[in-house]
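K.L.:
Just one file: start15.cif, with mmCIF, C-alpha atoms.
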```
data_query
#
loop_
_atom_site.group_PDB
_atom_site.id
_atom_site.type_symbol
_atom_site.label_atom_id
_atom_site.label_comp_id
_atom_site.auth_asym_id
_atom_site.auth_seq_id
_atom_site.Cartn_x
_atom_site.Cartn_y
_atom_site.Cartn_z
ATOM 1 C CA MET A 1 -20.928 -8.177 6.301
ATOM 2 C CA ASN A 2 -18.258 -10.747 7.115
ATOM 3 C CA TRP A 3 -15.865 -8.360 8.817
ATOM 4 C CA PRO A 4 -13.115 -10.877 9.709
ATOM 5 C CA ALA A 5 -12.947 -12.033 6.069
ATOM 6 C CA GLU A 6 -12.887 -8.445 4.801
ATOM 7 C CA ILE A 7 -10.122 -7.556 7.238
ATOM 8 C CA LEU A 8 -8.013 -10.560 6.256
ATOM 9 C CA ALA A 9 -8.464 -9.634 2.597
ATOM 10 C CA ALA A 10 -7.401 -6.077 3.418
ATOM 11 C CA GLU A 11 -4.339 -7.376 5.250
ATOM 12 C CA ALA A 12 -3.194 -9.279 2.175
ATOM 13 C CA ARG A 13 -3.970 -6.313 -0.082
ATOM 14 C CA ILE A 14 -2.076 -3.632 1.841
ATOM 15 C CA ARG A 15 0.833 -5.762 3.086
ATOM 16 C CA PRO A 16 3.312 -4.527 0.427
ATOM 17 C CA HIS A 17 2.449 -0.907 1.205
ATOM 18 C CA ILE A 18 2.548 -0.607 5.000
ATOM 19 C CA LEU A 19 4.771 -1.570 7.896
ATOM 20 C CA GLU A 20 3.944 -4.451 10.238
ATOM 21 C CA THR A 21 4.564 -2.474 13.389
ATOM 22 C CA PRO A 22 6.213 -4.022 16.472
ATOM 23 C CA LEU A 23 4.336 -5.066 19.584
ATOM 24 C CA GLU A 24 6.950 -4.052 22.122
ATOM 25 C CA ARG A 25 6.817 -5.009 25.800
ATOM 26 C CA SER A 26 7.037 -1.991 28.093
ATOM 27 C CA HIS A 27 9.331 -2.745 30.996
ATOM 28 C CA HIS A 28 8.187 0.325 32.943
ATOM 29 C CA LEU A 29 4.424 -0.052 32.468
ATOM 30 C CA SER A 30 4.624 -3.791 33.133
ATOM 31 C CA GLN A 31 6.338 -3.099 36.449
ATOM 32 C CA VAL A 32 3.938 -0.309 37.402
ATOM 33 C CA GLY A 33 0.856 -2.421 36.674
ATOM 34 C CA ASN A 34 2.242 -5.846 37.675
ATOM 35 C CA ALA A 35 1.209 -7.105 34.241
ATOM 36 C CA ASN A 36 2.614 -7.785 30.787
ATOM 37 C CA VAL A 37 2.002 -4.483 29.011
ATOM 38 C CA TYR A 38 2.771 -4.133 25.310
ATOM 39 C CA LEU A 39 2.850 -1.082 23.052
ATOM 40 C CA LYS A 40 1.566 -1.497 19.482
ATOM 41 C CA LEU A 41 3.778 1.053 17.730
ATOM 42 C CA GLU A 42 1.659 2.477 14.927
ATOM 43 C CA ASN A 43 3.682 5.664 15.320
ATOM 44 C CA LEU A 44 6.292 3.888 13.176
ATOM 45 C CA GLN A 45 4.130 3.819 10.034
ATOM 46 C CA PRO A 46 5.657 5.848 7.157
ATOM 47 C CA THR A 47 3.190 8.721 7.677
ATOM 48 C CA GLY A 48 3.411 8.498 11.464
ATOM 49 C CA SER A 49 0.015 6.963 12.268
ATOM 50 C CA PHE A 50 -2.310 3.982 11.789
ATOM 51 C CA LYS A 51 -4.370 5.992 9.292
ATOM 52 C CA LEU A 52 -2.189 4.706 6.458
ATOM 53 C CA ARG A 53 -3.837 1.282 6.748
ATOM 54 C CA GLY A 54 -7.380 2.435 6.029
ATOM 55 C CA ALA A 55 -6.409 4.972 3.399
ATOM 56 C CA THR A 56 -4.295 2.424 1.526
ATOM 57 C CA ASN A 57 -7.025 -0.215 1.564
ATOM 58 C CA LYS A 58 -9.601 2.282 0.316
ATOM 59 C CA LEU A 59 -7.455 3.526 -2.549
ATOM 60 C CA LEU A 60 -6.501 0.001 -3.607
ATOM 61 C CA SER A 61 -10.231 -0.784 -3.844
ATOM 62 C CA LEU A 62 -10.775 2.014 -6.397
ATOM 63 C CA SER A 63 -10.651 1.493 -10.148
ATOM 64 C CA PRO A 64 -7.960 3.091 -12.338
ATOM 65 C CA HIS A 65 -10.683 5.368 -13.740
ATOM 66 C CA GLU A 66 -11.643 6.566 -10.259
ATOM 67 C CA LEU A 67 -8.022 7.099 -9.254
ATOM 68 C CA LYS A 68 -7.381 9.118 -12.405
ATOM 69 C CA LYS A 69 -10.060 11.620 -11.345
ATOM 70 C CA GLY A 70 -8.201 12.357 -8.116
ATOM 71 C CA ILE A 71 -9.106 11.830 -4.468
ATOM 72 C CA VAL A 72 -10.825 14.177 -2.026
ATOM 73 C CA ALA A 73 -10.625 13.991 1.772
ATOM 74 C CA ALA A 74 -10.959 16.182 4.861
ATOM 75 C CA SER A 75 -8.571 15.971 7.783
ATOM 76 C CA THR A 76 -7.021 17.597 10.814
ATOM 77 C CA GLY A 77 -3.716 16.035 9.795
ATOM 78 C CA ASN A 78 -3.077 12.295 10.066
ATOM 79 C CA HIS A 79 -5.797 11.138 7.675
ATOM 80 C CA GLY A 80 -4.726 13.756 5.148
ATOM 81 C CA MET A 81 -1.124 12.599 5.327
ATOM 82 C CA ALA A 82 -2.157 8.977 4.875
ATOM 83 C CA VAL A 83 -4.453 9.691 1.908
ATOM 84 C CA SER A 84 -1.789 11.861 0.266
ATOM 85 C CA TYR A 85 0.889 9.204 0.708
ATOM 86 C CA ALA A 86 -1.352 6.358 -0.489
ATOM 87 C CA ALA A 87 -2.547 8.410 -3.476
ATOM 88 C CA SER A 88 1.006 9.224 -4.523
ATOM 89 C CA ARG A 89 1.817 5.497 -4.506
ATOM 90 C CA GLN A 90 -1.056 5.023 -6.985
ATOM 91 C CA ASN A 91 -0.081 8.040 -9.113
ATOM 92 C CA ALA A 92 -3.252 9.836 -8.064
ATOM 93 C CA GLN A 93 -3.721 13.426 -6.916
ATOM 94 C CA ALA A 94 -5.171 13.950 -3.424
ATOM 95 C CA THR A 95 -6.886 17.170 -2.359
ATOM 96 C CA ILE A 96 -7.208 17.533 1.406
ATOM 97 C CA TYR A 97 -9.603 20.059 2.941
ATOM 98 C CA MET A 98 -8.564 21.425 6.317
ATOM 99 C CA ALA A 99 -9.989 24.047 8.652
ATOM 100 C CA GLU A 100 -8.412 27.491 8.695
ATOM 101 C CA GLY A 101 -5.686 27.619 11.324
ATOM 102 C CA ALA A 102 -4.581 24.009 10.862
ATOM 103 C CA ALA A 103 -1.069 23.388 12.170
ATOM 104 C CA GLU A 104 1.455 24.520 9.566
ATOM 105 C CA GLU A 105 3.601 21.466 10.269
ATOM 106 C CA LYS A 106 0.736 19.128 9.349
ATOM 107 C CA VAL A 107 -0.082 21.121 6.211
ATOM 108 C CA SER A 108 3.570 20.915 5.201
ATOM 109 C CA LEU A 109 3.652 17.157 5.760
ATOM 110 C CA ILE A 110 0.519 16.620 3.665
ATOM 111 C CA GLU A 111 2.089 18.573 0.820
ATOM 112 C CA SER A 112 5.392 16.712 1.190
ATOM 113 C CA TYR A 113 3.498 13.453 0.578
ATOM 114 C CA GLY A 114 2.084 14.876 -2.656
ATOM 115 C CA GLY A 115 -1.286 16.125 -1.410
ATOM 116 C CA LYS A 116 -2.820 19.532 -2.074
ATOM 117 C CA ALA A 117 -4.022 21.182 1.151
ATOM 118 C CA VAL A 118 -7.016 23.526 0.842
ATOM 119 C CA MET A 119 -8.085 25.633 3.823
ATOM 120 C CA TYR A 120 -11.820 26.048 4.353
ATOM 121 C CA GLY A 121 -14.064 27.017 7.265
ATOM 122 C CA ASP A 122 -13.507 27.598 10.942
ATOM 123 C CA ASN A 123 -13.629 23.962 12.071
ATOM 124 C CA PRO A 124 -13.095 20.407 10.753
ATOM 125 C CA VAL A 125 -16.839 19.874 10.225
ATOM 126 C CA ASP A 126 -16.993 22.801 7.777
ATOM 127 C CA ALA A 127 -13.937 21.432 5.966
ATOM 128 C CA GLU A 128 -15.507 17.990 5.660
ATOM 129 C CA TYR A 129 -18.810 19.328 4.329
ATOM 130 C CA LYS A 130 -16.900 21.277 1.692
ATOM 131 C CA ALA A 131 -14.800 18.243 0.748
ATOM 132 C CA ARG A 132 -17.925 16.118 0.327
ATOM 133 C CA GLN A 133 -19.557 18.831 -1.768
ATOM 134 C CA VAL A 134 -16.547 19.098 -4.062
ATOM 135 C CA ALA A 135 -16.326 15.313 -4.388
ATOM 136 C CA ALA A 136 -20.008 15.056 -5.311
ATOM 137 C CA GLU A 137 -19.835 17.922 -7.818
ATOM 138 C CA THR A 138 -16.689 16.661 -9.546
ATOM 139 C CA GLY A 139 -17.332 12.918 -9.365
ATOM 140 C CA ARG A 140 -14.134 12.311 -7.438
ATOM 141 C CA PRO A 141 -14.010 9.621 -4.705
ATOM 142 C CA PHE A 142 -14.293 10.924 -1.153
ATOM 143 C CA VAL A 143 -12.189 9.051 1.407
ATOM 144 C CA SER A 144 -13.749 9.194 4.867
ATOM 145 C CA PRO A 145 -11.464 8.864 7.896
ATOM 146 C CA TYR A 146 -13.792 6.275 9.482
ATOM 147 C CA ASN A 147 -17.258 6.013 7.894
ATOM 148 C CA ASP A 148 -16.293 3.602 5.134
ATOM 149 C CA ALA A 149 -16.160 -0.192 5.190
ATOM 150 C CA SER A 150 -12.864 -0.316 3.277
ATOM 151 C CA VAL A 151 -11.285 2.125 5.724
ATOM 152 C CA VAL A 152 -12.529 0.211 8.768
ATOM 153 C CA ALA A 153 -11.265 -3.068 7.280
ATOM 154 C CA GLY A 154 -7.891 -1.446 6.654
ATOM 155 C CA GLN A 155 -7.638 -0.247 10.240
ATOM 156 C CA GLY A 156 -8.683 -3.723 11.346
ATOM 157 C CA THR A 157 -5.442 -5.153 9.959
ATOM 158 C CA THR A 158 -3.888 -3.820 13.170
ATOM 159 C CA GLY A 159 -5.922 -6.492 14.952
ATOM 160 C CA VAL A 160 -4.584 -9.194 12.618
ATOM 161 C CA GLU A 161 -1.051 -8.229 13.597
ATOM 162 C CA LEU A 162 -1.897 -8.021 17.301
ATOM 163 C CA HIS A 163 -3.244 -11.573 17.299
ATOM 164 C CA ARG A 164 -0.307 -12.859 15.288
ATOM 165 C CA GLN A 165 2.174 -11.173 17.630
ATOM 166 C CA ASN A 166 0.432 -12.201 20.859
ATOM 167 C CA PRO A 167 -2.579 -14.545 20.609
ATOM 168 C CA LYS A 168 -3.050 -14.477 24.392
ATOM 169 C CA LEU A 169 -4.003 -10.831 24.851
ATOM 170 C CA ASP A 170 -6.501 -10.204 27.636
ATOM 171 C CA ALA A 171 -7.228 -6.550 26.848
ATOM 172 C CA VAL A 172 -6.544 -3.893 24.226
ATOM 173 C CA PHE A 173 -6.766 -0.159 25.009
ATOM 174 C CA VAL A 174 -7.536 2.124 22.043
ATOM 175 C CA ALA A 175 -8.115 5.890 21.806
ATOM 176 C CA VAL A 176 -11.380 6.649 19.994
ATOM 177 C CA GLY A 177 -12.320 9.460 17.627
ATOM 178 C CA GLY A 178 -14.643 8.404 14.827
ATOM 179 C CA GLY A 179 -14.290 4.764 15.855
ATOM 180 C CA GLY A 180 -12.676 3.298 12.730
ATOM 181 C CA LEU A 181 -9.603 1.923 14.464
ATOM 182 C CA ILE A 182 -11.280 0.378 17.502
ATOM 183 C CA SER A 183 -14.093 -1.053 15.333
ATOM 184 C CA GLY A 184 -11.686 -2.731 12.951
ATOM 185 C CA ILE A 185 -9.470 -4.113 15.699
ATOM 186 C CA ALA A 186 -12.442 -5.390 17.695
ATOM 187 C CA CYS A 187 -14.184 -6.979 14.683
ATOM 188 C CA TYR A 188 -11.157 -9.134 14.026
ATOM 189 C CA LEU A 189 -9.880 -9.849 17.538
ATOM 190 C CA LYS A 190 -13.301 -10.847 18.865
ATOM 191 C CA SER A 191 -13.608 -13.368 16.021
ATOM 192 C CA VAL A 192 -10.368 -15.155 16.966
ATOM 193 C CA ASN A 193 -10.283 -14.450 20.711
ATOM 194 C CA PRO A 194 -13.812 -13.797 22.040
ATOM 195 C CA ARG A 195 -12.572 -13.284 25.594
ATOM 196 C CA VAL A 196 -10.339 -10.314 24.752
ATOM 197 C CA LYS A 197 -11.565 -7.090 26.354
ATOM 198 C CA ILE A 198 -11.795 -4.027 24.114
ATOM 199 C CA VAL A 199 -11.322 -0.836 26.130
ATOM 200 C CA ALA A 200 -12.261 2.478 24.520
ATOM 201 C CA CYS A 201 -10.319 5.487 25.778
ATOM 202 C CA TRP A 202 -11.393 9.128 25.604
ATOM 203 C CA PRO A 203 -10.249 12.525 26.836
ATOM 204 C CA GLU A 204 -12.742 13.918 29.333
ATOM 205 C CA ASN A 205 -12.879 17.003 27.099
ATOM 206 C CA SER A 206 -13.971 15.172 23.947
ATOM 207 C CA HIS A 207 -16.027 11.971 23.804
ATOM 208 C CA VAL A 208 -18.590 12.365 21.032
ATOM 209 C CA MET A 209 -18.500 8.726 19.933
ATOM 210 C CA HIS A 210 -19.130 7.541 23.484
ATOM 211 C CA ASP A 211 -22.301 9.622 23.697
ATOM 212 C CA SER A 212 -23.300 8.509 20.200
ATOM 213 C CA MET A 213 -22.856 4.872 21.256
ATOM 214 C CA LEU A 214 -25.179 5.417 24.201
ATOM 215 C CA ALA A 215 -27.765 7.165 22.036
ATOM 216 C CA GLY A 216 -27.503 4.673 19.181
ATOM 217 C CA ARG A 217 -27.095 7.539 16.713
ATOM 218 C CA ALA A 218 -24.777 10.446 16.022
ATOM 219 C CA VAL A 219 -25.236 13.212 18.577
ATOM 220 C CA LYS A 220 -23.689 16.633 18.982
ATOM 221 C CA VAL A 221 -21.784 17.074 22.217
ATOM 222 C CA PRO A 222 -20.014 20.251 23.385
ATOM 223 C CA GLU A 223 -16.257 19.731 23.333
ATOM 224 C CA LEU A 224 -13.407 21.452 25.098
ATOM 225 C CA PRO A 225 -9.878 21.752 23.719
ATOM 226 C CA THR A 226 -7.704 18.668 24.150
ATOM 227 C CA ILE A 227 -4.101 17.738 23.451
ATOM 228 C CA SER A 228 -5.617 14.607 21.869
ATOM 229 C CA ASP A 229 -6.690 16.594 18.802
ATOM 230 C CA SER A 230 -6.644 13.511 16.553
ATOM 231 C CA THR A 231 -9.641 12.078 18.418
ATOM 232 C CA ALA A 232 -11.607 15.342 18.626
ATOM 233 C CA GLY A 233 -14.553 16.294 16.439
ATOM 234 C CA GLY A 234 -18.060 15.168 15.648
ATOM 235 C CA VAL A 235 -19.396 11.857 14.390
ATOM 236 C CA GLU A 236 -21.090 11.698 11.009
ATOM 237 C CA GLU A 237 -24.811 10.921 10.924
ATOM 238 C CA GLY A 238 -25.300 7.264 10.000
ATOM 239 C CA ALA A 239 -21.663 6.354 10.669
ATOM 240 C CA ILE A 240 -21.184 2.587 10.458
ATOM 241 C CA THR A 241 -18.788 2.736 13.400
ATOM 242 C CA ILE A 242 -21.521 3.663 15.899
ATOM 243 C CA GLU A 243 -23.140 0.235 15.795
ATOM 244 C CA LEU A 244 -19.768 -1.536 15.615
ATOM 245 C CA CYS A 245 -18.622 0.258 18.762
ATOM 246 C CA ARG A 246 -21.914 -0.569 20.484
ATOM 247 C CA ARG A 247 -21.398 -4.250 19.662
ATOM 248 C CA PHE A 248 -17.743 -4.658 20.487
ATOM 249 C CA VAL A 249 -16.575 -2.096 23.064
ATOM 250 C CA ASP A 250 -16.484 -3.705 26.503
ATOM 251 C CA ASP A 251 -15.445 -0.775 28.658
ATOM 252 C CA SER A 252 -14.905 2.988 28.448
ATOM 253 C CA VAL A 253 -12.303 5.048 30.302
ATOM 254 C CA PHE A 254 -12.096 8.844 30.435
ATOM 255 C CA VAL A 255 -8.874 10.690 31.217
ATOM 256 C CA SER A 256 -8.177 14.307 32.104
ATOM 257 C CA GLU A 257 -5.878 16.617 30.183
ATOM 258 C CA GLN A 258 -3.376 16.452 33.033
ATOM 259 C CA GLU A 259 -3.406 12.646 32.871
ATOM 260 C CA ILE A 260 -2.794 12.775 29.118
ATOM 261 C CA TYR A 261 0.088 15.218 29.529
ATOM 262 C CA SER A 262 1.624 13.015 32.219
ATOM 263 C CA ALA A 263 1.272 9.951 29.997
ATOM 264 C CA LEU A 264 2.909 11.780 27.098
ATOM 265 C CA ARG A 265 5.831 12.698 29.315
ATOM 266 C CA LEU A 266 6.055 9.087 30.548
ATOM 267 C CA VAL A 267 6.133 7.600 27.031
ATOM 268 C CA MET A 268 8.826 10.044 26.002
ATOM 269 C CA GLY A 269 10.850 9.659 29.176
ATOM 270 C CA LYS A 270 10.554 5.926 29.863
ATOM 271 C CA GLU A 271 9.930 4.455 26.414
ATOM 272 C CA ARG A 272 11.909 7.016 24.395
ATOM 273 C CA TRP A 273 9.120 7.419 21.847
ATOM 274 C CA LEU A 274 7.980 10.826 20.587
ATOM 275 C CA VAL A 275 4.198 10.529 20.205
ATOM 276 C CA GLU A 276 1.108 12.694 19.795
ATOM 277 C CA GLY A 277 -1.644 13.379 22.309
ATOM 278 C CA ALA A 278 -4.026 10.668 21.113
ATOM 279 C CA ALA A 279 -1.291 8.036 21.509
ATOM 280 C CA ALA A 280 -0.993 8.884 25.194
ATOM 281 C CA VAL A 281 -4.721 8.501 25.905
ATOM 282 C CA PRO A 282 -4.637 4.653 26.130
ATOM 283 C CA VAL A 283 -1.526 4.883 28.312
ATOM 284 C CA ALA A 284 -3.265 7.309 30.673
ATOM 285 C CA ALA A 285 -6.382 5.114 30.692
ATOM 286 C CA TYR A 286 -4.367 1.988 31.511
ATOM 287 C CA LEU A 287 -2.545 3.730 34.350
ATOM 288 C CA LYS A 288 -5.915 4.809 35.741
ATOM 289 C CA GLN A 289 -7.316 1.257 35.574
ATOM 290 C CA ARG A 290 -4.136 -0.797 36.037
ATOM 291 C CA GLN A 291 -5.201 -2.520 39.263
ATOM 292 C CA SER A 292 -7.970 -4.273 37.316
ATOM 293 C CA TYR A 293 -5.459 -5.794 34.881
ATOM 294 C CA ALA A 294 -2.774 -7.140 37.213
ATOM 295 C CA GLY A 295 -1.289 -10.374 35.901
ATOM 296 C CA GLN A 296 -2.831 -9.955 32.447
ATOM 297 C CA ASN A 297 -1.506 -9.417 28.925
ATOM 298 C CA VAL A 298 -2.464 -5.892 27.873
ATOM 299 C CA ALA A 299 -1.830 -4.033 24.605
ATOM 300 C CA LEU A 300 -1.921 -0.237 24.362
ATOM 301 C CA LEU A 301 -2.387 1.208 20.876
ATOM 302 C CA ILE A 302 0.218 3.926 20.246
ATOM 303 C CA CYS A 303 -1.655 5.419 17.323
ATOM 304 C CA GLY A 304 0.657 8.164 16.053
ATOM 305 C CA ARG A 305 3.604 10.504 16.446
ATOM 306 C CA ASN A 306 2.532 13.658 14.608
ATOM 307 C CA ILE A 307 2.652 16.265 17.364
ATOM 308 C CA PRO A 308 3.453 19.859 16.344
ATOM 309 C CA LEU A 309 6.530 21.351 17.981
ATOM 310 C CA GLN A 310 4.484 24.037 19.732
ATOM 311 C CA LYS A 311 2.340 21.393 21.448
ATOM 312 C CA LEU A 312 5.392 19.342 22.313
ATOM 313 C CA GLU A 313 6.902 22.316 24.116
ATOM 314 C CA LYS A 314 3.663 22.723 26.071
ATOM 315 C CA VAL A 315 3.768 19.063 27.125
ATOM 316 C CA PHE A 316 7.030 19.605 28.972
ATOM 317 C CA LYS A 317 5.855 22.875 30.510
ATOM 318 C CA VAL A 318 2.619 21.373 31.831
ATOM 319 C CA ALA A 319 4.318 18.208 33.073
ATOM 320 C CA ALA A 320 7.049 20.200 34.799
ATOM 321 C CA ALA A 321 4.482 22.397 36.553
ATOM 322 C CA ALA A 322 2.468 19.426 37.844
#
```
What do you get writing this file as structure tokens?

P.N.:
Amino acid sequence: MNWPAEILAAEARIRPHILETPLERSHHLSQVGNANVYLKLENLQPTGSFKLRGATNKLLSLSPHELKKGIVAASTGNHGMAVSYAASRQNAQATIYMAEGAAEEKVSLIESYGGKAVMYGDNPVDAEYKARQVAAETGRPFVSPYNDASVVAGQGTTGVELHRQNPKLDAVFVAVGGGGLISGIACYLKSVNPRVKIVACWPENSHVMHDSMLAGRAVKVPELPTISDSTAGGVEEGAITIELCRRFVDDSVFVSEQEIYSALRLVMGKERWLVEGAAAVPVAAYLKQRQSYAGQNVALLICGRNIPLQKLEKVFKVAAAA
């Protein structure tokens, strides 16, 4: 597959429907690391995360007949919001399966974008299996959060913007869940700037894709709770992102929960951006590795802002107690 061509086609396709987010230089992080550090502000997308790119590209690739049937997806929040928003723009109905106990704020946001939230199972894996079953039984399209070429190409449009905004980037730090975002970014950036370093960032408590990369296949890894809930969860067997990550990821950095909390507090305090846990993971990873990037041009992917109020309150409590 010609990924750069697919990503450029996706960029042209979704341009009227998404925001070209700023690449903003961070005065504080640049000083701390003695480098030029930039924040790619995907938290400014209409649904609050980069997920809108992939969801929009996928839905625009469907036929009117497929859209009329309605869309099915499974999500912990951000993907469901993006699919619901994109579906509403195409006059399609989106049904989003979520695990019991999902944050009420995220359920409310999904419904505000026109989606129908359905609770099923004790964890996101159960919800996804149910969503796939319903999609197969009803003939409705299933929109994966990462294991879909159209979704990966949509996320890769972030890389098109990064190169356009700063063609001299030396490194890009990206939080990794299922690998759709980092795969798309890397596929494009490596084609136009082979020397750019792609740095995958994980919470120490949850790094399933990293272990799957090493194994060359999807593996099950015990996970602990993490404030970076958007990157948590298993990797689907046969996911196309496993091989893409194996090909394009240059380095991996793991950060503790305390480091993520501190990074969240820093972004809010120094940058004045309200972001979610996953958005702080690349910031924490850069701070941990900053001596290796002195004098370089570094981009940190701020992937989203959808943090429930209860978790936000905990951020300040944990940071204050540190």

K.L.:
Pick out the closest residue to Thr138 (chain A) from this set: A:His210, A:Arg272, A:Lys317, A:Lys69. Count all atoms listed in the file.

P.N.:
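The answer is A:Lys69, which sits nearest to Thr138 (chain A).
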
K.L.:
What is the distance between CA of Lys197 (chain A) and CA of Arg246 (chain A), in Å to one decimal?

P.N.:
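Between CA of Lys197 (chain A) and CA of Arg246 (chain A) the gap is 13.6 Å.
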
K.L.:
Convert the output of the PyMOL selection byres ((chain A and resi 164) around 12) on the shown file into explicit residues, formatted as a PDB file with C-alpha atoms, keeping the file's coordinate frame.

P.N.:
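Okay, this is what ended up in result22.pdb:
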```pdb
ATOM      1  CA  GLU A  20       3.944  -4.451  10.238  1.00  0.00           C
ATOM      2  CA  THR A  21       4.564  -2.474  13.389  1.00  0.00           C
ATOM      3  CA  PRO A  22       6.213  -4.022  16.472  1.00  0.00           C
ATOM      4  CA  LEU A  23       4.336  -5.066  19.584  1.00  0.00           C
ATOM      5  CA  THR A 157      -5.442  -5.153   9.959  1.00  0.00           C
ATOM      6  CA  THR A 158      -3.888  -3.820  13.170  1.00  0.00           C
ATOM      7  CA  GLY A 159      -5.922  -6.492  14.952  1.00  0.00           C
ATOM      8  CA  VAL A 160      -4.584  -9.194  12.618  1.00  0.00           C
ATOM      9  CA  GLU A 161      -1.051  -8.229  13.597  1.00  0.00           C
ATOM     10  CA  LEU A 162      -1.897  -8.021  17.301  1.00  0.00           C
ATOM     11  CA  HIS A 163      -3.244 -11.573  17.299  1.00  0.00           C
ATOM     12  CA  GLN A 165       2.174 -11.173  17.630  1.00  0.00           C
ATOM     13  CA  ASN A 166       0.432 -12.201  20.859  1.00  0.00           C
ATOM     14  CA  PRO A 167      -2.579 -14.545  20.609  1.00  0.00           C
ATOM     15  CA  LYS A 168      -3.050 -14.477  24.392  1.00  0.00           C
ATOM     16  CA  LEU A 169      -4.003 -10.831  24.851  1.00  0.00           C
ATOM     17  CA  TYR A 188     -11.157  -9.134  14.026  1.00  0.00           C
ATOM     18  CA  LEU A 189      -9.880  -9.849  17.538  1.00  0.00           C
ATOM     19  CA  VAL A 192     -10.368 -15.155  16.966  1.00  0.00           C
ATOM     20  CA  ASN A 193     -10.283 -14.450  20.711  1.00  0.00           C
TER      21      ASN A 193
END
```

K.L.:
Evaluated on this file, the PyMOL selection byres ((chain A and resi 231-243) around 6) picks out some residues - which ones are they, written as JSON, numbers by chain?

P.N.:
{"A": [147, 176, 177, 178, 179, 206, 213, 218, 228, 229, 230, 244, 245, 246]}

K.L.:
Residues near Gln291 (chain A), anyone? I mean within 12 Å using all atoms listed in the file, not counting same-chain ones fewer than 6 positions away, as JSON, numbers by chain.

P.N.:
{"A": [30, 31, 32, 33, 34, 35, 285]}

K.L.:
Nearest to Lys270 (chain A): which of A:Ser150, A:Asn43, A:Ser63, A:Ser26 is it, counting all atoms listed in the file?

P.N.:
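Of the candidates, the smallest distance to Lys270 (chain A) is held by A:Ser26.
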
K.L.:
Box in all listed atoms of region 269-285 of chain A, axis-aligned, with 3 Å more on each side; write out centre and edge lengths in Å to one decimal as lines of an AutoDock Vina configuration file.

P.N.:
```
center_x = 2.8
center_y = 8.9
center_z = 25.2
size_x = 24.3
size_y = 14.9
size_z = 16.9
```

K.L.:
Apply the PyMOL selection byres ((chain A and resi 254) around 10) to the displayed file and report the matching residues as a ChimeraX atom specification.

P.N.:
/A:175,200-207,210,252-253,255-257,259,281-282,284-285,288

K.L.:
For each of A:Gly184, A:Gly154, A:Gly77, A:Pro46, take the minimum atom-to-atom distance to Lys58 (chain A), counting all atoms listed in the file, then give the residue where this is smallest.

P.N.:
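Ranking A:Gly184, A:Gly154, A:Gly77, A:Pro46 by distance to Lys58 (chain A), first place goes to A:Gly154.
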
K.L.:
A:Ile302, A:Ala294, A:Ala135, A:Ile7: which is nearest Leu264 (chain A), counting all atoms listed in the file?

P.N.:
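Looking at the shortest contact to Leu264 (chain A), the residue is A:Ile302.
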
K.L.:
Name the residues in contact with Arg140 (chain A) at a cut-off of 12 Å, using only C-alpha atoms, excluding same-chain residues fewer than 2 positions from it; report them as an MDAnalysis selection string.

P.N.:
chainID A and resid 62:63 65:73 92:95 131:138 142:143

K.L.:
Write out the residues from the selection above, keeping C-alpha atoms, as a tab-separated table (two decimals), keeping the file's coordinate frame.

P.N.:
```
chain	number	residue	atom	x	y	z
A	62	LEU	CA	-10.78	2.01	-6.40
A	63	SER	CA	-10.65	1.49	-10.15
A	65	HIS	CA	-10.68	5.37	-13.74
A	66	GLU	CA	-11.64	6.57	-10.26
A	67	LEU	CA	-8.02	7.10	-9.25
A	68	LYS	CA	-7.38	9.12	-12.40
A	69	LYS	CA	-10.06	11.62	-11.34
A	70	GLY	CA	-8.20	12.36	-8.12
A	71	ILE	CA	-9.11	11.83	-4.47
A	72	VAL	CA	-10.82	14.18	-2.03
A	73	ALA	CA	-10.62	13.99	1.77
A	92	ALA	CA	-3.25	9.84	-8.06
A	93	GLN	CA	-3.72	13.43	-6.92
A	94	ALA	CA	-5.17	13.95	-3.42
A	95	THR	CA	-6.89	17.17	-2.36
A	131	ALA	CA	-14.80	18.24	0.75
A	132	ARG	CA	-17.92	16.12	0.33
A	133	GLN	CA	-19.56	18.83	-1.77
A	134	VAL	CA	-16.55	19.10	-4.06
A	135	ALA	CA	-16.33	15.31	-4.39
A	136	ALA	CA	-20.01	15.06	-5.31
A	137	GLU	CA	-19.84	17.92	-7.82
A	138	THR	CA	-16.69	16.66	-9.55
A	142	PHE	CA	-14.29	10.92	-1.15
A	143	VAL	CA	-12.19	9.05	1.41
```

K.L.:
Around (-15.1, -1.3, 19.5) in the file's frame, which residues reach within 6 Å when counting all atoms listed in the file? Return as JSON, numbers by chain?

P.N.:
{"A": [182, 183, 186, 245, 248, 249]}

K.L.:
Give me, please, the distance in Å between CA of Ala117 (chain A) and CA of Thr76 (chain A), quoted to one decimal.

P.N.:
10.7 Å
